[in-house]
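Structure data (TSV, C-alpha atoms and all ligand atoms) from target-v7.tsv:
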```
chain	number	residue	atom	x	y	z
C	1	MET	CA	25.73	-10.09	2.35
C	2	ARG	CA	22.43	-11.29	0.83
C	3	PRO	CA	22.72	-11.48	-2.99
C	4	TYR	CA	20.83	-8.63	-4.58
C	5	SER	CA	18.01	-10.05	-6.69
C	6	GLU	CA	17.33	-8.56	-10.09
C	7	CYS	CA	13.75	-9.81	-10.11
C	8	VAL	CA	11.84	-6.82	-8.73
C	9	ARG	CA	12.86	-3.46	-10.18
C	10	HIS	CA	13.06	-0.14	-8.36
C	11	ARG	CA	11.47	3.22	-9.10
C	12	ARG	CA	11.97	6.73	-7.84
C	13	LEU	CA	9.42	7.84	-5.23
C	14	GLY	CA	7.85	10.90	-6.85
C	15	SER	CA	10.43	13.64	-7.27
C	16	SER	CA	12.39	12.52	-4.18
C	17	GLY	CA	15.73	10.77	-4.32
C	18	LEU	CA	14.36	7.66	-2.60
C	19	LYS	CA	14.09	4.46	-4.63
C	20	VAL	CA	11.37	1.97	-3.70
C	21	SER	CA	10.88	-1.55	-5.03
C	22	GLU	CA	8.04	-1.43	-7.55
C	23	LEU	CA	6.36	-4.20	-5.58
C	24	ALA	CA	6.31	-3.68	-1.80
C	25	LEU	CA	5.18	-6.15	0.85
C	26	GLY	CA	2.37	-4.95	3.13
C	27	ASN	CA	1.13	-6.76	6.23
C	28	TRP	CA	-2.42	-5.51	6.86
C	29	ALA	CA	-4.91	-8.38	7.46
C	30	THR	CA	-2.06	-10.91	7.41
C	31	MET	CA	0.76	-10.62	9.98
C	32	GLY	CA	-0.61	-10.83	13.50
C	33	ALA	CA	-4.07	-11.67	12.13
C	34	GLN	CA	-4.50	-14.27	9.35
C	35	VAL	CA	-0.92	-15.59	9.65
C	36	ASP	CA	1.33	-16.30	12.66
C	37	ASP	CA	4.90	-15.37	13.49
C	38	ASP	CA	6.54	-18.24	11.54
C	39	VAL	CA	4.62	-17.48	8.34
C	40	SER	CA	5.35	-13.76	8.79
C	41	GLN	CA	9.07	-14.51	8.91
C	42	ALA	CA	8.81	-16.77	5.85
C	43	LEU	CA	6.94	-14.04	3.94
C	44	VAL	CA	9.59	-11.43	4.70
C	45	ARG	CA	12.37	-13.83	3.68
C	46	ALA	CA	10.54	-14.68	0.43
C	47	ALA	CA	10.02	-10.98	-0.31
C	48	LEU	CA	13.73	-10.23	0.19
C	49	ASP	CA	14.63	-13.20	-2.01
C	50	CYS	CA	12.47	-11.74	-4.80
C	51	GLY	CA	14.20	-8.37	-4.55
C	52	ILE	CA	11.39	-6.63	-2.64
C	53	THR	CA	13.06	-4.05	-0.41
C	54	THR	CA	10.08	-1.86	0.56
C	55	PHE	CA	7.88	-2.96	3.47
C	56	ASP	CA	4.64	-1.26	4.45
C	57	THR	CA	2.76	-1.48	7.74
C	58	SER	CA	0.81	0.73	10.16
C	59	ASP	CA	0.61	1.21	13.90
C	60	ALA	CA	-3.05	0.21	13.64
C	61	TYR	CA	-2.60	-3.16	11.92
C	62	ALA	CA	-3.38	-5.98	14.37
C	63	ASP	CA	-3.17	-3.39	17.19
C	64	GLY	CA	0.56	-2.86	16.70
C	65	ARG	CA	1.39	-6.56	16.37
C	66	ALA	CA	1.94	-6.21	12.60
C	67	GLU	CA	4.74	-3.70	13.20
C	68	GLU	CA	6.23	-5.95	15.89
C	69	LEU	CA	6.26	-9.02	13.63
C	70	LEU	CA	7.75	-7.04	10.75
C	71	GLY	CA	10.44	-5.60	13.02
C	72	ARG	CA	11.29	-9.07	14.30
C	73	ALA	CA	11.35	-10.61	10.81
C	74	LEU	CA	13.70	-7.89	9.55
C	75	THR	CA	16.17	-8.26	12.43
C	76	GLY	CA	19.64	-8.74	11.02
C	77	VAL	CA	18.77	-7.39	7.56
C	78	PRO	CA	21.08	-4.44	6.80
C	79	ARG	CA	18.99	-1.35	7.49
C	80	GLY	CA	20.32	0.47	4.41
C	81	SER	CA	19.11	-2.33	2.12
C	82	ILE	CA	15.40	-1.88	2.91
C	83	GLU	CA	12.80	0.89	3.02
C	84	LEU	CA	10.33	0.87	5.93
C	85	SER	CA	6.98	2.58	5.59
C	86	THR	CA	4.41	2.98	8.35
C	87	LYS	CA	1.47	5.22	9.20
C	88	VAL	CA	-0.31	7.17	11.92
C	89	PHE	CA	-3.95	8.21	12.41
C	90	TRP	CA	-6.16	5.30	13.49
C	91	PRO	CA	-6.76	4.77	17.23
C	92	THR	CA	-3.98	3.12	19.20
C	93	GLY	CA	-5.85	3.33	22.51
C	94	PRO	CA	-9.12	4.55	24.03
C	95	GLY	CA	-8.03	8.13	24.81
C	96	PRO	CA	-9.01	11.19	22.75
C	97	ASN	CA	-5.32	11.87	22.04
C	98	GLN	CA	-4.51	8.31	21.03
C	99	ARG	CA	-5.73	8.88	17.49
C	100	GLY	CA	-5.67	11.49	14.76
C	101	LEU	CA	-2.90	13.76	13.57
C	102	SER	CA	-2.30	16.16	16.48
C	103	ARG	CA	1.32	17.02	17.27
C	104	LYS	CA	0.97	15.01	20.51
C	105	HIS	CA	-0.28	11.84	18.84
C	106	VAL	CA	2.01	12.04	15.81
C	107	ARG	CA	5.10	12.24	18.05
C	108	GLU	CA	3.96	9.55	20.49
C	109	ALA	CA	2.82	7.22	17.70
C	110	CYS	CA	6.09	7.65	15.82
C	111	HIS	CA	8.13	6.76	18.90
C	112	ALA	CA	5.96	3.68	19.52
C	113	SER	CA	6.35	2.58	15.88
C	114	LEU	CA	10.14	2.98	16.09
C	115	ARG	CA	10.17	0.71	19.17
C	116	ARG	CA	7.95	-1.97	17.60
C	117	LEU	CA	9.87	-1.88	14.32
C	118	ARG	CA	13.22	-2.08	16.19
C	119	THR	CA	14.73	0.75	14.21
C	120	ASP	CA	15.92	4.32	14.80
C	121	HIS	CA	14.25	5.74	11.69
C	122	ILE	CA	11.22	5.22	9.45
C	123	ASP	CA	11.86	5.82	5.77
C	124	ILE	CA	8.32	6.82	4.75
C	125	TYR	CA	5.89	8.09	7.42
C	126	GLN	CA	2.32	8.68	6.30
C	127	ALA	CA	-0.87	10.22	7.63
C	128	HIS	CA	-3.17	7.20	7.29
C	129	ARG	CA	-6.26	9.41	6.73
C	130	PHE	CA	-7.09	13.14	6.75
C	131	ASP	CA	-7.90	14.50	10.22
C	132	PRO	CA	-10.55	17.25	10.03
C	133	GLU	CA	-10.00	18.06	13.73
C	134	THR	CA	-6.31	19.02	13.44
C	135	PRO	CA	-4.99	21.97	11.41
C	136	VAL	CA	-2.88	20.57	8.59
C	137	GLU	CA	-0.09	23.03	9.58
C	138	GLU	CA	0.14	21.32	13.00
C	139	THR	CA	0.52	17.85	11.46
C	140	LEU	CA	3.01	18.94	8.81
C	141	SER	CA	5.07	20.82	11.37
C	142	ALA	CA	5.12	17.72	13.62
C	143	PHE	CA	6.25	15.60	10.66
C	144	ASP	CA	8.90	18.19	9.81
C	145	ASP	CA	10.28	18.13	13.36
C	146	LEU	CA	10.56	14.33	13.15
C	147	VAL	CA	12.42	14.68	9.85
C	148	ARG	CA	14.85	17.19	11.41
C	149	GLU	CA	15.39	14.79	14.33
C	150	GLY	CA	16.20	11.98	11.85
C	151	LYS	CA	13.34	9.81	13.07
C	152	ILE	CA	11.50	9.85	9.76
C	153	LEU	CA	13.01	10.51	6.34
C	154	TYR	CA	10.10	11.09	3.93
C	155	VAL	CA	6.53	12.28	4.47
C	156	GLY	CA	3.34	11.01	2.87
C	157	VAL	CA	-0.43	10.75	3.17
C	158	SER	CA	-2.97	8.03	2.51
C	159	GLU	CA	-6.49	8.36	1.10
C	160	TRP	CA	-6.54	12.16	1.13
C	161	SER	CA	-8.54	13.97	-1.57
C	162	ALA	CA	-6.81	15.90	-4.34
C	163	GLY	CA	-7.79	19.18	-2.65
C	164	GLN	CA	-6.41	18.08	0.73
C	165	ILE	CA	-3.15	16.98	-0.91
C	166	ARG	CA	-2.81	20.27	-2.81
C	167	ASP	CA	-3.49	22.37	0.32
C	168	ALA	CA	-0.91	20.39	2.30
C	169	ALA	CA	1.68	20.66	-0.47
C	170	ILE	CA	1.21	24.45	-0.52
C	171	VAL	CA	1.62	24.70	3.28
C	172	SER	CA	4.79	22.60	3.15
C	173	ARG	CA	6.23	24.71	0.34
C	174	ASP	CA	5.34	28.05	1.94
C	175	ARG	CA	6.68	27.11	5.39
C	176	GLY	CA	9.75	25.26	4.14
C	177	TYR	CA	8.64	21.92	5.62
C	178	SER	CA	9.85	18.60	4.29
C	179	PRO	CA	7.63	18.10	1.21
C	180	LEU	CA	5.00	15.41	0.74
C	181	VAL	CA	6.54	12.84	-1.59
C	182	ALA	CA	4.27	9.80	-1.13
C	183	ASN	CA	0.58	9.15	-1.49
C	184	GLN	CA	-0.93	5.79	-0.52
C	185	PRO	CA	-4.32	5.28	-2.21
C	186	GLN	CA	-6.21	2.18	-3.26
C	187	TYR	CA	-5.64	1.43	-6.96
C	188	SER	CA	-6.30	-1.60	-9.12
C	189	MET	CA	-7.92	-2.59	-12.41
C	190	LEU	CA	-11.21	-2.48	-10.48
C	191	TRP	CA	-10.71	0.71	-8.38
C	192	ARG	CA	-9.74	3.72	-10.53
C	193	ILE	CA	-10.84	6.59	-8.28
C	194	ILE	CA	-7.43	8.33	-8.22
C	195	GLU	CA	-7.09	8.63	-11.99
C	196	GLU	CA	-9.33	11.68	-12.37
C	197	GLU	CA	-7.96	14.16	-9.80
C	198	VAL	CA	-5.55	12.65	-7.28
C	199	ILE	CA	-2.91	11.47	-9.76
C	200	PRO	CA	-2.78	14.74	-11.77
C	201	THR	CA	-2.48	16.75	-8.53
C	202	CYS	CA	0.26	14.48	-7.18
C	203	ASP	CA	2.13	14.55	-10.50
C	204	GLU	CA	2.10	18.34	-10.36
C	205	TRP	CA	3.63	18.32	-6.86
C	206	GLY	CA	6.15	15.50	-7.37
C	207	ILE	CA	4.27	13.04	-5.16
C	208	GLY	CA	4.59	9.35	-6.09
C	209	GLN	CA	1.81	6.80	-5.69
C	210	ILE	CA	2.45	3.79	-3.45
C	211	VAL	CA	-0.82	2.03	-4.11
C	212	TRP	CA	-2.62	-0.57	-1.99
C	213	SER	CA	-4.69	-3.66	-2.78
C	214	PRO	CA	-3.49	-3.88	-6.40
C	215	LEU	CA	-5.04	-7.38	-6.55
C	216	ALA	CA	-8.32	-6.18	-5.01
C	217	GLN	CA	-7.39	-8.30	-1.97
C	218	GLY	CA	-6.73	-11.37	-4.10
C	219	VAL	CA	-9.88	-11.22	-6.22
C	220	LEU	CA	-7.85	-10.31	-9.34
C	221	SER	CA	-5.89	-13.57	-8.99
C	222	GLY	CA	-9.00	-15.22	-10.45
C	223	LYS	CA	-9.12	-17.84	-7.69
C	224	TYR	CA	-12.68	-17.02	-6.65
C	225	ARG	CA	-15.08	-18.81	-8.98
C	226	PRO	CA	-18.72	-17.92	-9.69
C	227	GLY	CA	-21.03	-19.85	-7.39
C	228	ALA	CA	-18.18	-21.74	-5.67
C	229	ARG	CA	-17.09	-21.55	-2.03
C	230	PRO	CA	-13.90	-19.48	-1.52
C	231	PRO	CA	-10.77	-21.65	-1.47
C	232	GLN	CA	-9.78	-22.81	2.01
C	233	GLY	CA	-7.28	-20.48	3.67
C	234	SER	CA	-8.08	-17.56	1.35
C	235	ARG	CA	-8.97	-14.08	2.65
C	236	ALA	CA	-12.61	-14.61	1.71
C	237	ASP	CA	-12.54	-17.75	3.85
C	238	ASP	CA	-10.98	-15.96	6.85
C	239	ARG	CA	-13.17	-14.74	9.73
C	240	ASP	CA	-12.02	-11.08	9.57
C	241	GLY	CA	-10.79	-11.12	5.97
C	242	SER	CA	-14.19	-12.08	4.59
C	243	GLY	CA	-15.55	-8.76	5.89
C	244	TYR	CA	-12.76	-6.73	4.28
C	245	ILE	CA	-13.06	-8.42	0.89
C	246	ALA	CA	-16.88	-8.44	0.80
C	247	ARG	CA	-17.05	-5.43	-1.56
C	248	TRP	CA	-15.49	-7.51	-4.34
C	249	MET	CA	-17.27	-10.83	-3.74
C	250	THR	CA	-20.22	-10.11	-6.03
C	251	GLY	CA	-21.31	-12.16	-9.04
C	252	THR	CA	-20.63	-9.22	-11.38
C	253	VAL	CA	-17.04	-8.78	-10.20
C	254	ILE	CA	-16.16	-12.46	-9.95
C	255	GLU	CA	-17.54	-13.21	-13.44
C	256	ALA	CA	-15.83	-10.18	-15.00
C	257	VAL	CA	-12.51	-11.21	-13.45
C	258	GLN	CA	-12.89	-14.75	-14.88
C	259	SER	CA	-12.99	-13.20	-18.36
C	260	LEU	CA	-9.39	-12.00	-17.79
C	261	VAL	CA	-8.07	-15.53	-17.27
C	262	PRO	CA	-7.64	-16.32	-21.02
C	263	VAL	CA	-6.17	-12.85	-21.62
C	264	ALA	CA	-3.47	-13.54	-19.03
C	265	GLU	CA	-2.88	-17.03	-20.44
C	266	ARG	CA	-2.34	-15.69	-23.97
C	267	LEU	CA	0.36	-13.37	-22.56
C	268	GLY	CA	2.01	-16.20	-20.62
C	269	LEU	CA	1.02	-14.56	-17.34
C	270	THR	CA	-1.10	-15.57	-14.38
C	271	PRO	CA	-4.12	-13.32	-13.71
C	272	ALA	CA	-2.34	-11.91	-10.62
C	273	GLN	CA	0.71	-11.02	-12.71
C	274	LEU	CA	-1.54	-9.38	-15.32
C	275	ALA	CA	-3.24	-7.30	-12.62
C	276	LEU	CA	0.08	-6.16	-11.13
C	277	ALA	CA	1.65	-5.40	-14.53
C	278	TRP	CA	-1.47	-3.34	-15.29
C	279	VAL	CA	-1.02	-1.23	-12.12
C	280	LEU	CA	2.71	-0.79	-12.72
C	281	GLY	CA	1.93	0.33	-16.27
C	282	ASN	CA	0.77	3.63	-14.81
C	283	PRO	CA	3.93	5.79	-14.75
C	284	SER	CA	2.67	7.75	-11.71
C	285	VAL	CA	2.82	4.56	-9.63
C	286	SER	CA	6.11	4.27	-7.74
C	287	SER	CA	5.20	0.99	-6.05
C	288	ALA	CA	2.28	-1.41	-5.62
C	289	ILE	CA	1.94	-2.83	-2.10
C	290	ILE	CA	0.97	-6.48	-2.27
C	291	GLY	CA	-0.19	-8.68	0.55
C	292	ALA	CA	0.51	-12.39	0.81
C	293	SER	CA	-0.57	-15.27	3.02
C	294	ARG	CA	1.91	-17.71	1.50
C	295	PRO	CA	5.52	-17.24	0.29
C	296	GLU	CA	4.74	-18.86	-3.10
C	297	GLN	CA	2.36	-15.99	-3.87
C	298	LEU	CA	5.27	-13.56	-3.61
C	299	ALA	CA	7.43	-15.51	-6.02
C	300	GLU	CA	4.55	-15.57	-8.52
C	301	ASN	CA	3.70	-11.90	-8.09
C	302	ALA	CA	7.29	-10.68	-8.20
C	303	ALA	CA	7.55	-11.91	-11.79
C	304	ALA	CA	5.12	-9.13	-12.81
C	305	SER	CA	7.90	-6.58	-12.30
C	306	GLY	CA	9.23	-5.61	-15.72
C	307	VAL	CA	6.23	-6.93	-17.69
C	308	GLU	CA	4.91	-4.29	-20.10
C	309	LEU	CA	1.36	-4.44	-21.38
C	310	ASP	CA	0.48	-2.84	-24.71
C	311	GLN	CA	-2.37	-0.36	-25.16
C	312	GLU	CA	-4.52	-3.00	-26.87
C	313	THR	CA	-4.36	-5.22	-23.78
C	314	ARG	CA	-5.16	-2.30	-21.47
C	315	ALA	CA	-8.18	-1.38	-23.62
C	316	LEU	CA	-9.33	-5.02	-23.60
C	317	VAL	CA	-9.12	-5.09	-19.78
C	318	ASP	CA	-11.31	-1.97	-19.63
C	319	ARG	CA	-13.89	-3.59	-21.92
C	320	LEU	CA	-13.97	-6.92	-20.08
C	321	LEU	CA	-14.23	-5.31	-16.63
C	322	ALA	CA	-16.57	-2.50	-17.71
C	323	ASP	CA	-19.45	-3.50	-15.39
C	324	ALA	CA	-17.19	-4.02	-12.38
C	325	ILE	CA	-14.88	-0.96	-12.42
C	326	HIS	CA	-15.35	1.86	-9.90
C	327	TRP	CA	-14.35	5.16	-11.57
C	328	ARG	CA	-15.77	7.24	-8.72
C	329	ARG	CA	-16.13	6.59	-5.00
C	330	PRO	CA	-19.52	4.91	-4.41
C	331	ALA	CA	-21.98	7.23	-2.61
C	401	LIG	P1	-3.55	-7.33	-2.43
C	401	LIG	O1	-4.58	-6.74	-3.31
C	401	LIG	O2	-2.20	-7.59	-3.00
C	401	LIG	O3	-4.15	-8.68	-1.81
C	401	LIG	C1	-3.30	-9.56	-1.14
C	401	LIG	C2	-3.96	-10.89	-0.88
C	401	LIG	O4	-4.33	-11.52	-2.12
C	401	LIG	C3	-3.00	-11.84	-0.23
C	401	LIG	O5	-2.92	-11.66	1.16
C	401	LIG	C4	-3.57	-13.20	-0.63
C	401	LIG	O6	-4.69	-13.45	0.20
C	401	LIG	C5	-4.06	-12.92	-2.05
C	401	LIG	N1	-3.03	-13.21	-3.07
C	401	LIG	C6	-1.88	-12.54	-3.28
C	401	LIG	N2	-1.20	-13.06	-4.31
C	401	LIG	C7	-1.95	-14.09	-4.78
C	401	LIG	C8	-1.76	-15.00	-5.84
C	401	LIG	N3	-0.70	-14.95	-6.63
C	401	LIG	N4	-2.73	-15.93	-6.05
C	401	LIG	C9	-3.83	-15.99	-5.24
C	401	LIG	N5	-4.04	-15.15	-4.22
C	401	LIG	C10	-3.12	-14.18	-3.99
C	401	LIG	O7	-3.27	-6.38	-1.22
C	401	LIG	P2	-3.85	-6.20	0.28
C	401	LIG	O8	-5.31	-5.98	0.24
C	401	LIG	O9	-3.31	-7.30	1.13
C	401	LIG	O10	-3.14	-4.85	0.69
C	401	LIG	C11	-1.72	-4.75	0.52
C	401	LIG	C12	-1.17	-3.77	1.50
C	401	LIG	O11	-1.63	-2.45	1.21
C	401	LIG	C13	-1.53	-3.96	2.97
C	401	LIG	O12	-0.81	-5.00	3.58
C	401	LIG	C14	-1.19	-2.62	3.53
C	401	LIG	O13	0.21	-2.52	3.71
C	401	LIG	C15	-1.63	-1.69	2.40
C	401	LIG	N6	-2.99	-1.17	2.66
C	401	LIG	C16	-3.11	0.16	2.94
C	401	LIG	C17	-4.32	0.72	3.23
C	401	LIG	C18	-4.41	2.17	3.55
C	401	LIG	O14	-5.46	2.63	3.99
C	401	LIG	N7	-3.34	2.93	3.38
C	401	LIG	C19	-5.56	-0.10	3.26
C	401	LIG	C20	-5.35	-1.48	2.91
C	401	LIG	C21	-4.10	-1.97	2.60
C	401	LIG	P3	-5.23	-14.94	0.54
C	401	LIG	O15	-4.19	-15.93	0.17
C	401	LIG	O16	-5.51	-14.88	1.99
C	401	LIG	O17	-6.50	-15.06	-0.26
```
Let me see the structure of the file written as structure tokens.
Amino acid sequence: MRPYSECVRHRRLGSSGLKVSELALGNWATMGAQVDDDVSQALVRAALDCGITTFDTSDAYADGRAEELLGRALTGVPRGSIELSTKVFWPTGPGPNQRGLSRKHVREACHASLRRLRTDHIDIYQAHRFDPETPVEETLSAFDDLVREGKILYVGVSEWSAGQIRDAAIVSRDRGYSPLVANQPQYSMLWRIIEEEVIPTCDEWGIGQIVWSPLAQGVLSGKYRPGARPPQGSRADDRDGSGYIARWMTGTVIEAVQSLVPVAERLGLTPAQLALAWVLGNPSVSSAIIGASRPEQLAENAAASGVELDQETRALVDRLLADAIHWRRPA
């Protein structure tokens, strides 16, 4: 059996009994897109070696190829030693029922994800966005059926508002459905939108945060320099990736992030480790989903698990990033 690494710690997912690794590996924009099958396999092996046991994907990433590559890379890994998380909502085909959160699409998408992931159950199944065209009761009842059938174990949402999460939690409670226990929002030193309403609501309902882009897609690693071309092979240098990361590639953000470099150095950390330790310093965060294009990045980032930042450092981060932080969703 693979030796169990002590490097990355585990946390409880909200008020559920499930433990997730506090750093998870996600494969959006990488597996099946920026990186090929061999690198995907190397990334999964490196993650397991660091003690990462939670893996996040979606049926929409690389048109299903991301789930396929993850399923292939995890072949032979004892199923009980990992937690698999995937999502449903975004189109998987041209038809009007090949998207959204209707009972029909949720069931068909779940079965397709199970096939691509080569497993008989998904540990955490999430509604990738809110669907205004499907009653929330229909979606939650479809999720609940899948739980009863043993095809999914825990239910979550991604990028829903505090009000949508509260309404869904009430429906689940009143109808005796499997409760929402996971929320997957964007959260980083630079993107604080969930602090005001989403986190307090989720805390009240026992829903843990599994946050995405904790490095602001790599920008918080400090590797992008003011006025310089993005390093070769980086997301900002990638044909598709450069579009995704564009929000953060402004002079204001890049310069503010450079001011964190000496702060990280003084603490004996890399800027990426500082950024991840900062996210994990929020007790409502169960896990931060990191991406990687190279295995070495995972070894570096995994060392952030267990690092505690004091209040003085957190206040300094707020001051240094003041002009670059989003507290509210831009209009
Ligand atoms: P991150 O903020 O962790 O960015 C990851 C990227 O940063 C890597 O691919 C790499 O890109 C770069 N990087 C990572 N570590 C380092 C390092 N130590 N030094 C330098 N560069 C580094 O997360 P992602 O934006 O990749 O998102 C993570 C996951 O979150 C996704 O895979 C997905 O599972 C989930 N997600 C969920 C969404 C949702 O709507 N629910 C939306 C988006 C993501 P490179 O080397 O190419 O520059």
Give me the chain C side of the contact with ligand LIG 401 (chain C), cut-off 6 Å, one line per residue showing its nearest atom pair and distance in Å at one decimal, counting all atoms listed in the file, sorted by chain and residue number, as CSV.
```
residue,atom,partner,partner_atom,distance
C:Gly26,CA,C:LIG401,O12,3.2
C:Asn27,CA,C:LIG401,O12,3.7
C:Trp28,CA,C:LIG401,O12,3.7
C:Asp56,CA,C:LIG401,O13,4.7
C:Thr57,CA,C:LIG401,O13,4.9
C:His128,CA,C:LIG401,N7,5.8
C:Ser158,CA,C:LIG401,N7,5.2
C:Gln184,CA,C:LIG401,N7,5.4
C:Trp212,CA,C:LIG401,O11,3.8
C:Ser213,CA,C:LIG401,O1,3.1
C:Pro214,CA,C:LIG401,O1,4.3
C:Leu215,CA,C:LIG401,O1,3.3
C:Ala216,CA,C:LIG401,O1,4.1
C:Gln217,CA,C:LIG401,O3,3.3
C:Gly218,CA,C:LIG401,O4,3.1
C:Ser221,CA,C:LIG401,C9,4.9
C:Ser234,CA,C:LIG401,O17,3.4
C:Arg235,CA,C:LIG401,O16,3.6
C:Ala272,CA,C:LIG401,N3,5.3
C:Ile289,CA,C:LIG401,C12,4.8
C:Ile290,CA,C:LIG401,O2,3.4
C:Gly291,CA,C:LIG401,O9,3.5
C:Ala292,CA,C:LIG401,O5,3.5
C:Ser293,CA,C:LIG401,O15,4.7
C:Gln297,CA,C:LIG401,N3,4.3
C:Glu300,CA,C:LIG401,N3,5.6
C:Asn301,CA,C:LIG401,N3,5.5
```
Using only C-alpha atoms, please write the residues we just selected to a file, as a PDB file, in the coordinates of the input.
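Listing of out-v3.pdb after writing:
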```pdb
ATOM      1  CA  GLY C  26       2.370  -4.950   3.130  1.00  0.00           C
ATOM      2  CA  ASN C  27       1.130  -6.760   6.230  1.00  0.00           C
ATOM      3  CA  TRP C  28      -2.420  -5.510   6.860  1.00  0.00           C
ATOM      4  CA  ASP C  56       4.640  -1.260   4.450  1.00  0.00           C
ATOM      5  CA  THR C  57       2.760  -1.480   7.740  1.00  0.00           C
ATOM      6  CA  HIS C 128      -3.170   7.200   7.290  1.00  0.00           C
ATOM      7  CA  SER C 158      -2.970   8.030   2.510  1.00  0.00           C
ATOM      8  CA  GLN C 184      -0.930   5.790  -0.520  1.00  0.00           C
ATOM      9  CA  TRP C 212      -2.620  -0.570  -1.990  1.00  0.00           C
ATOM     10  CA  SER C 213      -4.690  -3.660  -2.780  1.00  0.00           C
ATOM     11  CA  PRO C 214      -3.490  -3.880  -6.400  1.00  0.00           C
ATOM     12  CA  LEU C 215      -5.040  -7.380  -6.550  1.00  0.00           C
ATOM     13  CA  ALA C 216      -8.320  -6.180  -5.010  1.00  0.00           C
ATOM     14  CA  GLN C 217      -7.390  -8.300  -1.970  1.00  0.00           C
ATOM     15  CA  GLY C 218      -6.730 -11.370  -4.100  1.00  0.00           C
ATOM     16  CA  SER C 221      -5.890 -13.570  -8.990  1.00  0.00           C
ATOM     17  CA  SER C 234      -8.080 -17.560   1.350  1.00  0.00           C
ATOM     18  CA  ARG C 235      -8.970 -14.080   2.650  1.00  0.00           C
ATOM     19  CA  ALA C 272      -2.340 -11.910 -10.620  1.00  0.00           C
ATOM     20  CA  ILE C 289       1.940  -2.830  -2.100  1.00  0.00           C
ATOM     21  CA  ILE C 290       0.970  -6.480  -2.270  1.00  0.00           C
ATOM     22  CA  GLY C 291      -0.190  -8.680   0.550  1.00  0.00           C
ATOM     23  CA  ALA C 292       0.510 -12.390   0.810  1.00  0.00           C
ATOM     24  CA  SER C 293      -0.570 -15.270   3.020  1.00  0.00           C
ATOM     25  CA  GLN C 297       2.360 -15.990  -3.870  1.00  0.00           C
ATOM     26  CA  GLU C 300       4.550 -15.570  -8.520  1.00  0.00           C
ATOM     27  CA  ASN C 301       3.700 -11.900  -8.090  1.00  0.00           C
TER      28      ASN C 301
END
```
Could you please determine the separation between atom CA of Val136 of chain C and atom CA of Asp167 of chain C in Å, to one decimal place?
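Computing the Euclidean distance for atom CA of Val136 of chain C and atom CA of Asp167 of chain C yields 8.5 Å.
For the set C:Val8, C:Leu140, C:Ala304, C:Leu274, the residue with the smallest atom-to-atom gap to Leu260 of chain C is C:Leu274, counting all atoms listed in the file.
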Rounded to one decimal, what separation in Å do you get between atom CA of Gln186 of chain C and atom CA of Arg229 of chain C?
26.1 Å
With distances taken over all atoms listed in the file, which residue among C:Ile199, C:Leu18, C:Ala73, C:Leu190 lies nearest Asp37 of chain C?
C:Ala73
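Atom CA of Ile152 of chain C is found 18.4 Å from atom CA of Arg173 of chain C.
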In terms of all atoms listed in the file, the residue from C:Ser161, C:Ile122, C:Asp238, C:Tyr224 at minimal distance from Ala33 of chain C is C:Asp238
Shortest contact to Ala275 of chain C, candidates C:Tyr187, C:Trp205, C:Tyr244, C:Tyr61, atoms counted all atoms listed in the file, goes to C:Tyr187
For Arg9 of chain C, which of C:Ser85, C:Ser305, C:Gln273, C:Ser287 is the closest residue, counting all atoms listed in the file?
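Nearest to Arg9 of chain C: C:Ser305.
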Within 8 Å of file point (5.0, -12.7, 6.5), counting all atoms listed in the file, expressed as a PyMOL selection string
chain C and resi 27+30-31+35+37-45+70+73+292-295
Nearest to Ala256 of chain C by atom-to-atom distance, counting all atoms listed in the file, from C:Ile194, C:Leu320, C:Gly222, C:Gly150
C:Leu320
Between segment 278-324 of chain C and segment 50-53 of chain C, at 8 Å or less, what are the per-residue closest atom pairs and their distances in Å? Count all atoms listed in the file, order by chain and rising residue number, and return it as CSV.
```
residue,atom,partner,partner_atom,distance
C:Leu298,CA,C:Cys50,CA,7.5
C:Ala299,CA,C:Cys50,CA,6.4
C:Ala302,CA,C:Cys50,CA,6.3
```
Do a neighbour search on Leu267 of chain C at 12 Å with all atoms listed in the file, toss out local chain neighbours closer than 3 positions, and write the hits as a ChimeraX atom specification.
/C:260-264,270-271,273-274,277,304,307-310,313
Quick one: residues within 12 Å of (-4.0, 0.3, 14.0) (file frame), counting all atoms listed in the file, please, as a PyMOL selection string.
chain C and resi 27-29+32+57-67+86-93+98-100+109+112-113+128-129
